[in-house]
$ cat work.txt   # compact mmCIF, C-alpha atoms and all ligand atoms
# COMPACT_ATOMS: atom_id res chain seq x y z
CA MET A 221 0.00 0.00 0.00
CA ALA A 222 1.20 3.51 -0.79
CA GLU A 223 2.50 5.54 2.12
CA LEU A 224 0.01 7.86 3.81
CA THR A 225 0.49 11.58 3.15
CA ASN A 226 0.63 13.96 6.09
CA LEU A 227 -1.44 16.89 4.82
CA LEU A 228 0.54 19.24 7.07
CA ASP A 229 3.43 18.73 4.66
CA LEU A 230 1.60 20.41 1.76
CA ASP A 231 1.60 24.10 0.92
CA PRO A 232 -1.50 25.66 -0.74
CA ALA A 233 -0.41 24.85 -4.31
CA GLN A 234 0.59 21.30 -3.37
CA LEU A 235 -2.76 20.71 -1.68
CA VAL A 236 -4.55 21.82 -4.86
CA ALA A 237 -2.38 19.38 -6.84
CA TYR A 238 -3.05 16.63 -4.31
CA CYS A 239 -6.82 17.15 -4.53
CA GLY A 240 -6.49 17.21 -8.32
CA GLU A 241 -4.94 13.75 -8.17
CA LEU A 242 -8.00 12.61 -6.25
CA GLY A 243 -10.21 14.07 -8.99
CA GLU A 244 -11.29 17.04 -6.87
CA LYS A 245 -11.65 20.70 -7.86
CA PRO A 246 -9.30 23.37 -6.42
CA PHE A 247 -11.97 24.81 -4.11
CA ARG A 248 -12.03 21.49 -2.26
CA ALA A 249 -8.37 22.04 -1.43
CA LYS A 250 -9.27 25.43 0.03
CA GLN A 251 -12.01 23.90 2.15
CA LEU A 252 -9.69 21.16 3.32
CA GLN A 253 -6.98 23.66 4.11
CA ARG A 254 -9.37 25.75 6.19
CA TRP A 255 -10.45 22.71 8.16
CA ILE A 256 -6.85 21.88 8.90
CA HIS A 257 -5.29 25.27 9.57
CA GLN A 258 -8.24 27.37 10.74
CA PHE A 259 -10.25 24.80 12.67
CA GLY A 260 -7.38 22.59 13.78
CA ALA A 261 -9.20 19.51 12.49
CA SER A 262 -7.31 16.25 12.22
CA ASP A 263 -10.30 13.97 11.83
CA PHE A 264 -11.72 13.82 8.30
CA ASP A 265 -15.17 12.90 9.62
CA SER A 266 -15.44 16.31 11.27
CA MET A 267 -15.10 18.05 7.88
CA THR A 268 -18.80 18.17 7.32
CA ASP A 269 -18.91 20.18 4.10
CA LEU A 270 -16.69 17.69 2.26
CA ALA A 271 -18.51 14.93 0.40
CA LYS A 272 -18.57 11.66 2.29
CA SER A 273 -16.86 9.94 -0.64
CA LEU A 274 -13.94 12.38 -0.45
CA ARG A 275 -13.65 11.95 3.30
CA GLU A 276 -13.51 8.19 2.86
CA LYS A 277 -10.88 8.55 0.14
CA LEU A 278 -8.77 10.81 2.36
CA LYS A 279 -8.98 8.37 5.25
CA THR A 280 -7.30 5.68 3.18
CA ARG A 281 -4.51 7.92 1.83
CA ALA A 282 -3.81 10.76 4.21
CA PHE A 283 -3.57 11.89 7.80
CA ILE A 284 -3.01 15.15 9.69
CA ALA A 285 -0.53 15.07 12.54
CA ALA A 286 1.91 17.47 14.18
CA PRO A 287 4.96 16.08 15.96
CA LYS A 288 4.30 14.73 19.44
CA VAL A 289 4.49 17.12 22.39
CA LEU A 290 6.88 15.83 25.06
CA SER A 291 6.28 18.58 27.57
CA ASP A 292 4.21 21.73 27.93
CA HIS A 293 5.11 24.35 30.55
CA THR A 294 3.80 27.81 31.25
CA SER A 295 6.06 30.30 32.98
CA LEU A 296 5.01 32.77 35.67
CA ASP A 297 5.07 35.56 33.06
CA GLY A 298 2.72 33.63 30.75
CA THR A 299 5.41 32.39 28.36
CA ARG A 300 4.52 28.86 27.30
CA LYS A 301 7.06 26.34 26.07
CA TRP A 302 6.48 23.06 24.33
CA LEU A 303 9.14 20.48 23.76
CA VAL A 304 8.35 18.69 20.53
CA ASP A 305 9.55 15.21 19.61
CA VAL A 306 11.23 14.95 16.22
CA GLY A 307 12.34 11.35 16.53
CA ASN A 308 15.60 9.54 17.32
CA GLY A 309 15.87 11.14 20.74
CA ASN A 310 15.82 14.63 19.29
CA ALA A 311 13.48 17.36 20.42
CA VAL A 312 12.98 20.96 19.42
CA GLU A 313 11.38 23.81 21.20
CA THR A 314 8.41 26.05 20.47
CA VAL A 315 7.80 29.10 22.64
CA PHE A 316 4.75 31.35 22.89
CA ILE A 317 5.29 34.85 24.24
CA PRO A 318 2.09 36.73 25.09
CA GLU A 319 2.21 40.52 25.08
CA GLU A 320 -0.48 43.12 25.47
CA ASN A 321 -1.59 43.41 21.86
CA ARG A 322 -0.03 40.39 20.31
CA GLY A 323 1.05 36.81 20.80
CA THR A 324 4.34 35.72 19.28
CA LEU A 325 5.32 32.15 18.54
CA CYS A 326 9.00 31.30 18.24
CA ILE A 327 9.50 28.17 16.16
CA SER A 328 12.41 25.87 15.32
CA THR A 329 13.53 24.76 11.87
CA GLN A 330 16.28 22.22 12.57
CA ALA A 331 17.18 19.76 15.31
CA GLY A 332 20.56 21.14 16.35
CA CYS A 333 22.49 23.51 14.11
CA ALA A 334 25.65 23.23 12.04
CA VAL A 335 26.65 26.90 12.29
CA ASN A 336 28.02 26.42 15.80
CA CYS A 337 28.02 29.97 17.11
CA ARG A 338 30.20 30.36 20.21
CA PHE A 339 27.39 31.63 22.45
CA CYS A 340 24.60 29.27 21.38
CA SER A 341 23.74 26.02 23.14
CA THR A 342 21.87 24.75 20.07
CA GLY A 343 25.10 25.08 18.10
CA LYS A 344 26.95 23.16 20.79
CA GLN A 345 24.66 20.14 20.18
CA GLY A 346 25.85 19.93 16.60
CA PHE A 347 23.55 19.34 13.67
CA ASN A 348 21.06 16.50 13.91
CA ARG A 349 18.67 16.98 11.05
CA ASN A 350 16.41 19.29 9.09
CA LEU A 351 12.78 19.47 10.13
CA SER A 352 10.12 18.62 7.57
CA VAL A 353 7.32 21.01 6.61
CA SER A 354 4.86 19.21 8.88
CA GLU A 355 7.31 19.50 11.76
CA ILE A 356 7.76 23.24 11.17
CA ILE A 357 4.16 24.29 10.43
CA GLY A 358 3.02 21.62 12.89
CA GLN A 359 4.51 23.73 15.70
CA LEU A 360 2.23 26.63 14.74
CA TRP A 361 -0.75 24.32 14.24
CA MET A 362 -0.25 22.55 17.54
CA ALA A 363 0.43 25.77 19.49
CA GLU A 364 -2.45 27.79 18.02
CA PHE A 365 -5.05 25.18 18.83
CA ALA A 366 -3.58 24.34 22.23
CA LEU A 367 -3.72 28.05 23.10
CA ARG A 368 -7.29 28.35 21.85
CA GLU A 369 -8.27 25.38 23.95
CA THR A 370 -6.68 26.90 27.06
CA ALA A 371 -8.36 30.24 26.37
CA GLY A 372 -11.69 28.52 25.74
CA VAL A 373 -11.86 29.93 22.22
CA ILE A 374 -13.87 27.98 19.66
CA PRO A 375 -11.81 27.13 16.56
CA GLY A 376 -12.64 29.01 13.40
CA PRO A 377 -11.22 31.42 10.86
CA LYS A 378 -9.65 34.77 11.79
CA GLY A 379 -10.67 36.79 14.80
CA GLU A 380 -10.14 34.18 17.48
CA ARG A 381 -6.51 33.75 16.68
CA GLN A 382 -4.09 33.51 19.59
CA ILE A 383 -0.86 33.72 17.60
CA THR A 384 -0.53 37.02 15.75
CA ASN A 385 3.21 36.95 15.01
CA VAL A 386 5.70 34.23 14.19
CA VAL A 387 9.46 34.42 14.57
CA MET A 388 11.78 31.76 13.20
CA MET A 389 14.22 32.16 16.05
CA GLY A 390 14.10 28.81 17.77
CA MET A 391 16.58 26.04 17.14
CA GLY A 392 18.39 25.86 13.84
CA GLU A 393 19.34 28.03 10.90
CA PRO A 394 16.20 28.40 8.75
CA LEU A 395 18.10 29.35 5.60
CA LEU A 396 20.05 26.09 5.78
CA ASN A 397 16.75 24.21 5.65
CA TYR A 398 15.43 26.39 2.89
CA GLU A 399 12.65 24.56 0.99
CA PRO A 400 10.66 23.29 4.01
CA THR A 401 11.06 26.68 5.69
CA VAL A 402 9.66 28.55 2.68
CA THR A 403 6.79 26.07 2.29
CA ALA A 404 5.90 26.63 5.94
CA LEU A 405 6.15 30.41 5.44
CA LYS A 406 3.73 30.22 2.52
CA LEU A 407 1.18 28.48 4.74
CA MET A 408 1.60 31.12 7.43
CA LEU A 409 0.81 33.83 4.88
CA ASP A 410 -2.04 32.07 3.05
CA ASP A 411 -5.52 33.47 3.63
CA ASN A 412 -7.01 30.00 3.77
CA ALA A 413 -4.54 29.00 6.46
CA TYR A 414 -3.13 31.49 9.01
CA GLY A 415 -3.39 34.67 6.91
CA LEU A 416 -0.52 36.43 8.70
CA SER A 417 0.85 39.53 7.01
CA ARG A 418 4.46 39.40 5.84
CA ARG A 419 5.36 42.03 8.41
CA ARG A 420 4.23 39.74 11.22
CA VAL A 421 6.45 36.86 10.20
CA THR A 422 10.16 37.25 10.89
CA LEU A 423 12.94 34.97 9.78
CA SER A 424 16.19 35.19 11.72
CA THR A 425 19.42 34.14 10.05
CA SER A 426 23.07 34.02 10.99
CA GLY A 427 23.78 35.35 7.49
CA VAL A 428 23.56 32.76 4.71
CA VAL A 429 24.06 35.36 1.96
CA PRO A 430 22.88 33.52 -1.18
CA MET A 431 19.78 32.29 0.61
CA ILE A 432 18.92 35.80 1.80
CA ASP A 433 18.76 36.76 -1.89
CA LYS A 434 16.68 33.71 -2.69
CA LEU A 435 14.24 34.45 0.12
CA GLY A 436 13.81 37.97 -1.25
CA GLN A 437 12.69 36.40 -4.52
CA ASP A 438 10.62 33.50 -3.21
CA CYS A 439 8.91 34.70 -0.07
CA PRO A 440 10.03 38.02 1.42
CA VAL A 441 9.10 38.27 5.08
CA ALA A 442 10.57 40.52 7.78
CA LEU A 443 14.27 39.80 8.15
CA ALA A 444 16.38 39.64 11.30
CA VAL A 445 20.11 39.10 10.98
CA SER A 446 22.24 37.85 13.85
CA LEU A 447 25.14 40.25 13.71
CA HIS A 448 26.79 40.00 17.16
CA ALA A 449 30.04 41.66 16.06
CA SER A 450 31.20 44.92 14.54
CA ASN A 451 34.17 43.59 12.56
CA ASP A 452 35.14 40.44 10.69
CA ALA A 453 37.87 39.28 13.08
CA LEU A 454 35.44 39.31 16.01
CA ARG A 455 32.54 37.83 14.04
CA ASP A 456 34.72 35.03 12.64
CA GLY A 457 35.22 33.88 16.23
CA LEU A 458 31.55 34.19 17.26
CA VAL A 459 29.64 33.16 14.13
CA PRO A 460 31.90 30.81 12.12
CA LEU A 461 29.73 31.30 9.02
CA ASN A 462 31.25 34.78 8.79
CA LYS A 463 34.42 33.26 7.29
CA LYS A 464 32.32 32.21 4.31
CA TYR A 465 30.10 35.30 4.13
CA PRO A 466 31.97 38.24 5.66
CA LEU A 467 30.36 41.45 6.84
CA ALA A 468 30.70 43.42 3.60
CA ASP A 469 28.86 40.67 1.70
CA LEU A 470 26.27 40.37 4.46
CA MET A 471 25.58 44.12 4.51
CA ALA A 472 25.21 44.16 0.73
CA ALA A 473 22.76 41.23 0.93
CA CYS A 474 20.73 43.08 3.58
CA GLN A 475 20.54 46.13 1.36
CA ARG A 476 19.41 44.04 -1.62
CA TYR A 477 16.80 42.29 0.50
CA LEU A 478 15.19 45.56 1.51
CA GLU A 479 14.02 46.09 -2.05
CA PHE A 480 11.64 43.16 -1.56
CA ALA A 481 11.07 43.19 2.19
CA PRO A 482 7.72 44.05 3.77
CA ARG A 483 9.47 46.38 6.19
CA ASP A 484 11.89 49.14 5.29
CA PHE A 485 14.56 48.01 7.72
CA VAL A 486 16.49 44.93 8.77
CA THR A 487 16.60 44.01 12.44
CA PHE A 488 20.12 43.28 13.64
CA GLU A 489 20.28 41.02 16.63
CA TYR A 490 23.26 41.55 18.85
CA CYS A 491 23.97 39.23 21.75
CA MET A 492 25.65 41.21 24.54
CA LEU A 493 28.73 39.35 25.76
CA ASP A 494 30.67 40.74 28.67
CA GLY A 495 34.05 42.11 27.58
CA VAL A 496 33.77 40.48 24.14
CA ASN A 497 31.61 42.69 21.91
CA ASP A 498 30.13 45.26 24.28
CA THR A 499 32.54 48.20 24.53
CA ASP A 500 31.87 51.78 23.39
CA ALA A 501 34.36 51.21 20.59
CA HIS A 502 32.33 48.25 19.34
CA ALA A 503 29.18 50.38 19.33
CA ARG A 504 30.93 53.08 17.30
CA GLU A 505 32.29 50.49 14.90
CA LEU A 506 28.76 49.16 14.42
CA ILE A 507 27.49 52.61 13.53
CA ALA A 508 30.26 52.96 10.93
CA LEU A 509 29.35 49.52 9.57
CA VAL A 510 25.65 50.19 9.01
CA LYS A 511 26.02 53.84 8.08
CA ASN A 512 28.88 53.33 5.67
CA PRO A 513 28.40 56.08 3.04
CA ARG A 514 29.12 53.56 0.28
CA LEU A 515 26.57 51.09 1.63
CA THR A 516 24.01 52.13 4.20
CA VAL A 517 21.61 49.57 5.63
CA PRO A 518 18.41 50.98 7.13
CA CYS A 519 18.18 48.98 10.34
CA LYS A 520 17.03 48.56 13.88
CA PHE A 521 19.14 46.97 16.62
CA ASN A 522 17.83 44.45 19.09
CA LEU A 523 20.33 43.90 21.88
CA ILE A 524 19.90 40.47 23.47
CA PRO A 525 21.33 39.99 26.95
CA PHE A 526 23.34 36.76 26.62
CA ASN A 527 21.73 33.73 28.25
CA PRO A 528 24.73 32.06 29.82
CA PHE A 529 25.32 28.34 29.83
CA PRO A 530 28.39 26.84 31.46
CA GLU A 531 30.08 25.30 28.41
CA SER A 532 30.19 28.67 26.65
CA GLY A 533 32.70 30.18 29.06
CA LEU A 534 31.03 33.54 28.33
CA LEU A 535 29.21 35.98 30.55
CA ARG A 536 26.32 38.36 30.01
CA SER A 537 27.15 42.05 29.83
CA LYS A 538 26.16 44.03 32.89
CA ASN A 539 22.87 45.92 32.60
CA GLU A 540 24.62 49.28 32.85
CA ARG A 541 26.92 48.32 29.97
CA ILE A 542 23.97 47.25 27.84
CA LYS A 543 22.23 50.56 28.50
CA ALA A 544 25.36 52.58 27.68
CA PHE A 545 25.88 50.57 24.48
CA ALA A 546 22.24 51.12 23.47
CA GLN A 547 22.59 54.84 24.15
CA ILE A 548 25.50 55.19 21.72
CA LEU A 549 23.44 53.58 18.96
CA LEU A 550 20.39 55.68 19.86
CA ASP A 551 22.47 58.87 19.80
CA ALA A 552 23.51 57.97 16.26
CA GLY A 553 19.83 57.86 15.31
CA ILE A 554 19.51 54.06 15.21
CA VAL A 555 16.36 52.60 16.73
CA THR A 556 17.60 50.26 19.43
CA THR A 557 15.72 47.99 21.80
CA VAL A 558 16.94 45.69 24.52
CA ARG A 559 15.20 42.35 24.56
CA LYS A 560 13.47 41.55 27.79
CA THR A 561 14.21 38.03 28.77
CA ARG A 562 11.06 36.00 29.20
CA GLY A 563 10.21 32.58 30.49
CA ASP A 564 13.54 32.13 32.23
CA ASP A 565 11.95 30.05 34.99
CA ILE A 566 11.11 27.40 32.37
CA ASP A 567 14.37 27.71 30.40
CA ALA A 568 12.55 29.23 27.41
CA ALA A 569 15.03 31.99 26.68
CA CYS A 570 17.17 32.07 23.54
CA GLY A 571 19.97 29.61 23.27
CA GLN A 572 18.78 27.40 26.11
CA LEU A 573 16.90 25.05 23.94
CA ALA A 574 16.00 21.40 24.17
CA GLY A 575 19.46 19.98 24.83
CA GLU A 576 18.20 18.47 28.02
CA VAL A 577 15.94 15.86 26.46
CA GLN A 578 18.72 14.42 24.38
CA ASP A 579 20.34 12.93 27.37
CA ARG A 580 18.92 13.20 30.86
CA THR A 581 22.31 12.63 32.45
CA ARG A 582 23.56 15.81 30.88
CA VAL A 583 20.96 17.82 32.81
CA GLN A 584 22.50 16.64 36.05
CA GLU A 585 25.94 17.46 34.75
CA ARG A 586 24.79 20.90 33.64
CA MET A 587 23.24 21.65 37.03
CA GLN A 588 26.48 20.70 38.77
CA LYS A 589 28.53 22.82 36.43
CA MET A 590 26.11 25.68 36.87
CA SER A 591 26.50 25.68 40.65
CA ALA A 592 30.30 25.57 40.25
CA TYR A 593 30.07 28.60 37.96
CA GLN A 594 27.78 30.39 40.36
CA GLU A 595 30.33 29.90 43.11
CA LYS A 596 32.99 31.34 40.87
CA PHE A 597 31.08 34.19 39.23
CA GLY A 598 28.37 34.99 41.76
CA LYS A 599 24.84 33.77 42.26
CA ASN A 600 23.50 35.68 39.27
CA PHE A 601 25.39 33.54 36.81
CA GLY A 602 22.81 31.78 34.66
CA VAL A 603 19.96 33.79 36.12
CA LEU A 604 18.35 36.15 33.69
CA VAL A 605 17.60 39.62 34.85
CA GLU A 606 15.05 41.72 33.05
CA VAL A 607 16.53 44.75 31.36
CA THR A 608 14.52 47.63 30.05
CA SER A 609 15.93 50.23 27.74
N1 LIG B 1 19.91 30.44 13.51
C1 LIG B 1 19.20 31.66 13.47
C2 LIG B 1 17.93 31.65 14.29
C3 LIG B 1 17.93 30.96 15.61
S1 LIG B 1 18.89 31.69 16.88
C4 LIG B 1 20.10 32.79 13.91
O1 LIG B 1 21.18 32.55 14.41
O2 LIG B 1 19.69 33.94 13.69
C5 LIG B 1 17.88 33.07 17.37
C6 LIG B 1 18.65 34.19 18.04
O3 LIG B 1 19.07 33.81 19.37
C7 LIG B 1 19.90 34.58 17.29
O4 LIG B 1 20.03 35.96 17.18
C8 LIG B 1 20.97 33.99 18.16
O5 LIG B 1 22.17 34.61 17.92
C9 LIG B 1 20.42 34.20 19.54
N2 LIG B 1 21.08 33.40 20.57
C10 LIG B 1 21.58 32.17 20.46
N3 LIG B 1 22.12 31.77 21.62
C11 LIG B 1 21.93 32.77 22.51
C12 LIG B 1 22.26 32.95 23.87
N4 LIG B 1 22.87 32.01 24.59
N5 LIG B 1 21.90 34.12 24.46
C13 LIG B 1 21.26 35.08 23.76
N6 LIG B 1 20.93 34.96 22.46
C14 LIG B 1 21.26 33.83 21.84
FE1 LIG B 2 22.70 28.05 14.77
FE2 LIG B 2 21.51 30.43 15.20
FE3 LIG B 2 22.59 28.99 17.24
FE4 LIG B 2 24.19 30.15 15.47
S1 LIG B 2 22.79 31.19 16.88
S2 LIG B 2 24.39 28.04 16.25
S3 LIG B 2 23.02 29.92 13.60
S4 LIG B 2 20.84 28.41 15.99

$ encode --input "work.txt" --output "structure tokens" --more "lines below"
Ligand code: SAH
Ligand code: SF4
Amino acid sequence: MAELTNLLDLDPAQLVAYCGELGEKPFRAKQLQRWIHQFGASDFDSMTDLAKSLREKLKTRAFIAAPKVLSDHTSLDGTRKWLVDVGNGNAVETVFIPEENRGTLCISTQAGCAVNCRFCSTGKQGFNRNLSVSEIIGQLWMAEFALRETAGVIPGPKGERQITNVVMMGMGEPLLNYEPTVTALKLMLDDNAYGLSRRRVTLSTSGVVPMIDKLGQDCPVALAVSLHASNDALRDGLVPLNKKYPLADLMAACQRYLEFAPRDFVTFEYCMLDGVNDTDAHARELIALVKNPRLTVPCKFNLIPFNPFPESGLLRSKNERIKAFAQILLDAGIVTTVRKTRGDDIDAACGQLAGEVQDRTRVQERMQKMSAYQEKFGKNFGVLVEVTS
């Protein structure tokens, strides 16, 4: 018997083609897609406006399933984190961050990551594998309907939506898992699925230059670039991919992308590392980099207080330093925000992702190391403190 198709793997065009193969008209694909992505249906029998014969056909050939949820925790500040099973002992993380007028979901695109940035615990795990479309969009599907259930909201199209923004900032480098990522993006934007505007979907990349260009052509959404350094020598050491795509190339790619982007700026993420990239001189060098008269990149800076983990050997910049650094950028007329750390009581902050399920014994080890570090560096090591700009 032919293998069953997970309908979460199909983007709008593919679903039309799939229905075509079953002898169905394109509008059936739209109906089916609405049942899946707007009502959260996984049972074909519940799709009452589809002909019984089609439902029976689907039951023998297809299914609808997101990856299994291993754990589901809500933090004191409302941040909710799911750990999602992607097989072979690997798990990825999905995080929901509620704010006053919006709800943002942070999703993962790979199990592990090959880029291996110095300050990132995902990178330290190495690369395990790319996620499939159903594993990527399945995080949004699973989270949206779990949140609706918790909020007591009846499933249905627009209006009752809990997730208003998506950021691809979880585990993995989305542009190194390009096709599935773009397919998932297309579903996020489609009116018969999640109908999010391009401005409300952000892809974060460590700077895979050719793929930034390709994204501009295929599916331009808001772009965040993980900069973290003001010169090549420093960035080579923090983001190894910089050796392949140095800053001049990256800045040029950002400028090209803006021609297609839904926003008129790129967001530069900058992880604040004590004594490494956080001096006044670094801030001034950054200004020169983005305001280079030969190549100016309209941008916004998002300073991320580093989330320490013992193996990194790095420390988070002091709050005062972060504020002073932000002020230099602000004085140069660059919009700068400092990311508030959220969900730290459930380990949902950036770079603290999912390693623990890979091997339970490592959790123990990590805890021991953490207390050794706290003895050495003070009790605030590893504890995230909220910073406001
Ligand atoms: N691979 C992509 C997206 C996932 S990482 C990228 O690198 O952009 C999402 C963001 O979290 C990136 O800006 C990354 O640099 C940052 N990050 C990773 N580890 C971190 C840590 N320990 N503390 C703070 N930010 C971290
Ligand atoms: Fe990969 Fe992003 Fe982590 Fe770098 S920061 S190792 S690119 S997930």

$ closest_atom_pairs --input "work.txt" --of "chain A" --to "ligand LIG 2 (chain B)" --cutoff "9 Å" --atoms "all atoms listed in the file" --output "CSV"
residue,atom,partner,partner_atom,distance
A:Ser328,CA,B:LIG2,S4,8.8
A:Gln330,CA,B:LIG2,S4,8.4
A:Gly332,CA,B:LIG2,S4,7.3
A:Cys333,CA,B:LIG2,FE1,4.6
A:Ala334,CA,B:LIG2,FE1,6.3
A:Val335,CA,B:LIG2,S2,4.7
A:Asn336,CA,B:LIG2,S2,4.0
A:Cys337,CA,B:LIG2,FE4,4.2
A:Arg338,CA,B:LIG2,S2,7.4
A:Phe339,CA,B:LIG2,S1,7.2
A:Cys340,CA,B:LIG2,FE3,4.6
A:Ser341,CA,B:LIG2,FE3,6.7
A:Thr342,CA,B:LIG2,FE3,5.1
A:Gly343,CA,B:LIG2,S2,3.6
A:Lys344,CA,B:LIG2,S2,7.1
A:Gln345,CA,B:LIG2,S2,8.8
A:Gly346,CA,B:LIG2,S2,8.2
A:Phe347,CA,B:LIG2,FE1,8.8
A:Met389,CA,B:LIG2,FE2,7.5
A:Gly390,CA,B:LIG2,S4,7.0
A:Met391,CA,B:LIG2,S4,5.0
A:Gly392,CA,B:LIG2,S4,4.1
A:Glu393,CA,B:LIG2,S3,4.9
A:Pro394,CA,B:LIG2,S3,8.5
A:Ser424,CA,B:LIG2,FE2,7.9
A:Thr425,CA,B:LIG2,S3,6.6
A:Ser426,CA,B:LIG2,S3,4.9
A:Gly427,CA,B:LIG2,S3,8.2
A:Ser446,CA,B:LIG2,S1,7.3
A:Leu458,CA,B:LIG2,FE4,8.6
A:Val459,CA,B:LIG2,FE4,6.4
A:Pro460,CA,B:LIG2,FE4,8.4
A:Leu461,CA,B:LIG2,S3,8.2
A:Cys570,CA,B:LIG2,S1,8.8
A:Gly571,CA,B:LIG2,FE3,6.6

$ atom_distance --input "work.txt" --atom1 "atom CA of A:Asp498" --atom2 "atom CA of A:Lys560"
17.4 Å

$ atom_distance --input "work.txt" --atom1 "atom CA of A:Pro513" --atom2 "atom CA of A:Tyr465"
20.9 Å

$ atom_distance --input "work.txt" --atom1 "atom CA of A:Val441" --atom2 "atom CA of A:Asp231"
16.6 Å

$ closest_residue --input "work.txt" --among "A:Arg536, A:His257, A:Arg248, A:Lys288" --to "ligand LIG 1 (chain B)" --atoms "only C-alpha atoms and all ligand atoms"
A:Arg536

$ closest_residue --input "work.txt" --among "A:Leu228, A:Ile383, A:Val510, A:Ala552" --to "A:Tyr414" --atoms "all atoms listed in the file"
A:Ile383

$ residues_around --input "work.txt" --residues "stretch 360-365 of chain A" --least-positions-apart "4" --cutoff "8 Å" --atoms "all atoms listed in the file" --output "list in words"
His257, Gly260, Ala286, Phe316, Leu325, Ile327, Ile356, Glu369, Pro375, Arg381, Gln382 and Ile383 of chain A

$ residues_around --input "work.txt" --residues "A:Leu509" --least-positions-apart "4" --cutoff "9 Å" --atoms "all atoms listed in the file" --output "number ranges by chain"
A: 450-451, 467-468, 471, 504-505, 515-517

$ decode --input "work.txt" --residues "stretch 361-398 of chain A" --atoms "C-alpha atoms" --output "PDB file, in the first residue's frame"
ATOM      1  CA  TRP A 361      -0.755  24.321  14.237  1.00  0.00           C
ATOM      2  CA  MET A 362      -0.247  22.546  17.542  1.00  0.00           C
ATOM      3  CA  ALA A 363       0.428  25.769  19.491  1.00  0.00           C
ATOM      4  CA  GLU A 364      -2.445  27.795  18.018  1.00  0.00           C
ATOM      5  CA  PHE A 365      -5.046  25.178  18.827  1.00  0.00           C
ATOM      6  CA  ALA A 366      -3.581  24.336  22.231  1.00  0.00           C
ATOM      7  CA  LEU A 367      -3.723  28.046  23.102  1.00  0.00           C
ATOM      8  CA  ARG A 368      -7.290  28.345  21.850  1.00  0.00           C
ATOM      9  CA  GLU A 369      -8.269  25.380  23.955  1.00  0.00           C
ATOM     10  CA  THR A 370      -6.676  26.900  27.057  1.00  0.00           C
ATOM     11  CA  ALA A 371      -8.356  30.237  26.369  1.00  0.00           C
ATOM     12  CA  GLY A 372     -11.686  28.517  25.736  1.00  0.00           C
ATOM     13  CA  VAL A 373     -11.858  29.932  22.218  1.00  0.00           C
ATOM     14  CA  ILE A 374     -13.870  27.985  19.662  1.00  0.00           C
ATOM     15  CA  PRO A 375     -11.809  27.132  16.564  1.00  0.00           C
ATOM     16  CA  GLY A 376     -12.636  29.013  13.399  1.00  0.00           C
ATOM     17  CA  PRO A 377     -11.223  31.420  10.858  1.00  0.00           C
ATOM     18  CA  LYS A 378      -9.655  34.770  11.787  1.00  0.00           C
ATOM     19  CA  GLY A 379     -10.665  36.789  14.797  1.00  0.00           C
ATOM     20  CA  GLU A 380     -10.144  34.183  17.477  1.00  0.00           C
ATOM     21  CA  ARG A 381      -6.511  33.748  16.682  1.00  0.00           C
ATOM     22  CA  GLN A 382      -4.093  33.513  19.595  1.00  0.00           C
ATOM     23  CA  ILE A 383      -0.863  33.725  17.599  1.00  0.00           C
ATOM     24  CA  THR A 384      -0.532  37.024  15.751  1.00  0.00           C
ATOM     25  CA  ASN A 385       3.206  36.946  15.012  1.00  0.00           C
ATOM     26  CA  VAL A 386       5.702  34.233  14.190  1.00  0.00           C
ATOM     27  CA  VAL A 387       9.462  34.423  14.567  1.00  0.00           C
ATOM     28  CA  MET A 388      11.777  31.761  13.202  1.00  0.00           C
ATOM     29  CA  MET A 389      14.218  32.162  16.051  1.00  0.00           C
ATOM     30  CA  GLY A 390      14.102  28.807  17.773  1.00  0.00           C
ATOM     31  CA  MET A 391      16.581  26.043  17.140  1.00  0.00           C
ATOM     32  CA  GLY A 392      18.389  25.855  13.843  1.00  0.00           C
ATOM     33  CA  GLU A 393      19.344  28.026  10.899  1.00  0.00           C
ATOM     34  CA  PRO A 394      16.200  28.402   8.746  1.00  0.00           C
ATOM     35  CA  LEU A 395      18.098  29.347   5.601  1.00  0.00           C
ATOM     36  CA  LEU A 396      20.055  26.087   5.778  1.00  0.00           C
ATOM     37  CA  ASN A 397      16.745  24.211   5.653  1.00  0.00           C
ATOM     38  CA  TYR A 398      15.426  26.388   2.890  1.00  0.00           C
TER      39      TYR A 398
END
